[in-house]
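S.K.: Pasting a structure here, questions to come.
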Amino acid sequence: MGNVCGQYRRKTASLAADSDEATAWKATGPSNQWLRLDLGGAYDNLRKVRVVFPTPKATYRYVVEASANGAAWTTIADHSRNPTAGPGEDQFTRPGIRFLRVKITGASAGAEIGVSEFEVYNYLRPDLVVGADISYADQDDNQDHLTYYVDDPATATDVLTSARNAGMRYVRLRVFNTPATRRRATISTRPIRGPIARWTSPSR
């Protein structure tokens, strides 16, 4: 999460990034108002942006822009002729993005000018569990096992407990080994695919 800044009423700009669609940054004029999101660093893998507006049944006309430095802007979504009410969601790909800006160019009669939520994602599927890769290397069973920690060495423990303490809730195990011949167990120069395991019903 970065910093949010509005053209006007900057103190309430953070309401557009508080994960609560019931709150909103409200602009002071009817059109040509903008809200800017500073991600705090450049990202190459942003994929989707979503904008939620204060009046759900109103139609908002707006554009979404991206920038690497906050000075030169490129349009990544143009809804300046938008005829549809409700939130707007767009997919895009552009490397080196640090700033995102939504500019409201107009709205239907009675609409509150502002932004309830300004969201950006680095994935497309809403059901995706975002995680991290953990490389795990343990010592021989006859020796002391390795321990792992995040930030504080005093909290070092086994790898799964350390991952849990870091907030991870799911584990996917992938095992890698050096290919070897089956008979002599010597290192092979080419990958060898082992036997395929199949589930079978237990016999009585």
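To be explicit about the labels: the chains of the structure tokens are called A, B, and onward in the order shown, and within each one the residues are counted from 1, while ligands get numbers from 1 in the order they are shown.
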Taking 4 positions as the minimum chain separation for residues in the same chain, which residues sit within 7 Å of Ala66 in chain A when counting only C-alpha atoms? Answer as a VMD selection string.

M.R.: chain A and resid 73 to 76 97 99 to 101

S.K.: For those residues, write N, CA and C atoms to a file as an mmCIF file, in the first residue's frame.

M.R.:
data_model
loop_
_atom_site.group_PDB
_atom_site.id
_atom_site.type_symbol
_atom_site.label_atom_id
_atom_site.label_comp_id
_atom_site.auth_asym_id
_atom_site.auth_seq_id
_atom_site.Cartn_x
_atom_site.Cartn_y
_atom_site.Cartn_z
ATOM 1 N N TRP A 73 2.624 11.045 -17.892
ATOM 2 C CA TRP A 73 1.517 10.113 -17.674
ATOM 3 C C TRP A 73 1.085 9.458 -18.983
ATOM 4 N N THR A 74 0.682 8.187 -18.876
ATOM 5 C CA THR A 74 0.169 7.425 -20.012
ATOM 6 C C THR A 74 -1.206 6.869 -19.654
ATOM 7 N N THR A 75 -2.168 7.047 -20.527
ATOM 8 C CA THR A 75 -3.520 6.542 -20.280
ATOM 9 C C THR A 75 -3.542 5.022 -20.445
ATOM 10 N N ILE A 76 -4.030 4.314 -19.420
ATOM 11 C CA ILE A 76 -4.168 2.855 -19.499
ATOM 12 C C ILE A 76 -5.629 2.423 -19.563
ATOM 13 N N ILE A 97 5.768 0.956 -13.336
ATOM 14 C CA ILE A 97 4.724 1.850 -12.819
ATOM 15 C C ILE A 97 4.925 2.101 -11.324
ATOM 16 N N PHE A 99 3.204 5.337 -10.084
ATOM 17 C CA PHE A 99 2.040 6.181 -9.791
ATOM 18 C C PHE A 99 0.864 5.782 -10.671
ATOM 19 N N LEU A 100 -0.323 5.810 -10.088
ATOM 20 C CA LEU A 100 -1.575 5.632 -10.822
ATOM 21 C C LEU A 100 -2.482 6.804 -10.482
ATOM 22 N N ARG A 101 -3.228 7.283 -11.481
ATOM 23 C CA ARG A 101 -4.097 8.434 -11.265
ATOM 24 C C ARG A 101 -5.430 8.224 -11.964
#

S.K.: Residues of range 5-54 of chain A in strand (DSSP E) according to DSSP, as an NGL selection string?

M.R.: :A and (5-6 or 25-26 or 33-43 or 48-52)

S.K.: Write a file of the just-selected residues containing N, CA and C atoms, as a CSV table (one decimal), in the first residue's frame.

M.R.:
chain,number,residue,atom,x,y,z
A,5,CYS,N,-3.2,10.7,-2.8
A,5,CYS,CA,-3.2,12.2,-2.8
A,5,CYS,C,-4.3,12.6,-3.8
A,6,GLY,N,-5.2,13.5,-3.3
A,6,GLY,CA,-6.2,14.1,-4.1
A,6,GLY,C,-5.9,15.5,-4.6
A,25,TRP,N,-13.3,9.5,-0.8
A,25,TRP,CA,-12.7,10.8,-1.0
A,25,TRP,C,-13.7,11.6,-1.9
A,26,LYS,N,-14.1,12.8,-1.4
A,26,LYS,CA,-15.0,13.6,-2.1
A,26,LYS,C,-14.3,14.8,-2.7
A,33,GLN,N,-11.5,16.4,-11.7
A,33,GLN,CA,-10.9,16.1,-10.4
A,33,GLN,C,-10.0,14.9,-10.5
A,34,TRP,N,-8.9,14.8,-9.8
A,34,TRP,CA,-8.1,13.6,-9.9
A,34,TRP,C,-7.7,13.1,-8.5
A,35,LEU,N,-7.4,11.8,-8.5
A,35,LEU,CA,-6.9,11.2,-7.3
A,35,LEU,C,-5.6,10.4,-7.7
A,36,ARG,N,-4.5,10.5,-7.0
A,36,ARG,CA,-3.3,9.8,-7.3
A,36,ARG,C,-2.8,8.9,-6.3
A,37,LEU,N,-2.4,7.7,-6.7
A,37,LEU,CA,-1.9,6.7,-5.8
A,37,LEU,C,-0.4,6.5,-6.1
A,38,ASP,N,0.4,6.6,-5.0
A,38,ASP,CA,1.9,6.4,-5.1
A,38,ASP,C,2.1,5.1,-4.4
A,39,LEU,N,2.7,4.1,-5.2
A,39,LEU,CA,2.9,2.8,-4.7
A,39,LEU,C,4.2,2.7,-3.9
A,40,GLY,N,5.0,3.7,-3.9
A,40,GLY,CA,6.2,3.7,-3.1
A,40,GLY,C,7.4,3.1,-3.8
A,41,GLY,N,7.2,2.6,-5.0
A,41,GLY,CA,8.3,2.0,-5.8
A,41,GLY,C,7.8,1.6,-7.1
A,42,ALA,N,8.7,1.4,-8.1
A,42,ALA,CA,8.2,1.0,-9.4
A,42,ALA,C,8.0,-0.5,-9.5
A,43,TYR,N,6.9,-0.9,-10.2
A,43,TYR,CA,6.5,-2.3,-10.4
A,43,TYR,C,6.3,-2.6,-11.8
A,48,LYS,N,-4.1,-5.2,-13.1
A,48,LYS,CA,-5.5,-4.8,-13.1
A,48,LYS,C,-5.7,-3.6,-12.1
A,49,VAL,N,-6.6,-2.7,-12.6
A,49,VAL,CA,-7.0,-1.6,-11.7
A,49,VAL,C,-8.5,-1.5,-11.6
A,50,ARG,N,-9.0,-1.2,-10.4
A,50,ARG,CA,-10.5,-1.1,-10.2
A,50,ARG,C,-10.8,0.2,-9.5
A,51,VAL,N,-11.9,0.8,-10.0
A,51,VAL,CA,-12.3,2.1,-9.4
A,51,VAL,C,-13.7,2.0,-9.0
A,52,VAL,N,-14.0,2.3,-7.7
A,52,VAL,CA,-15.4,2.3,-7.2
A,52,VAL,C,-15.8,3.7,-6.8

S.K.: How far is it from CA of Asp78 in chain A to CA of Thr105 in chain A, in Å with one decimal?

M.R.: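 For CA of Asp78 in chain A relative to CA of Thr105 in chain A, the distance reads 10.5 Å.
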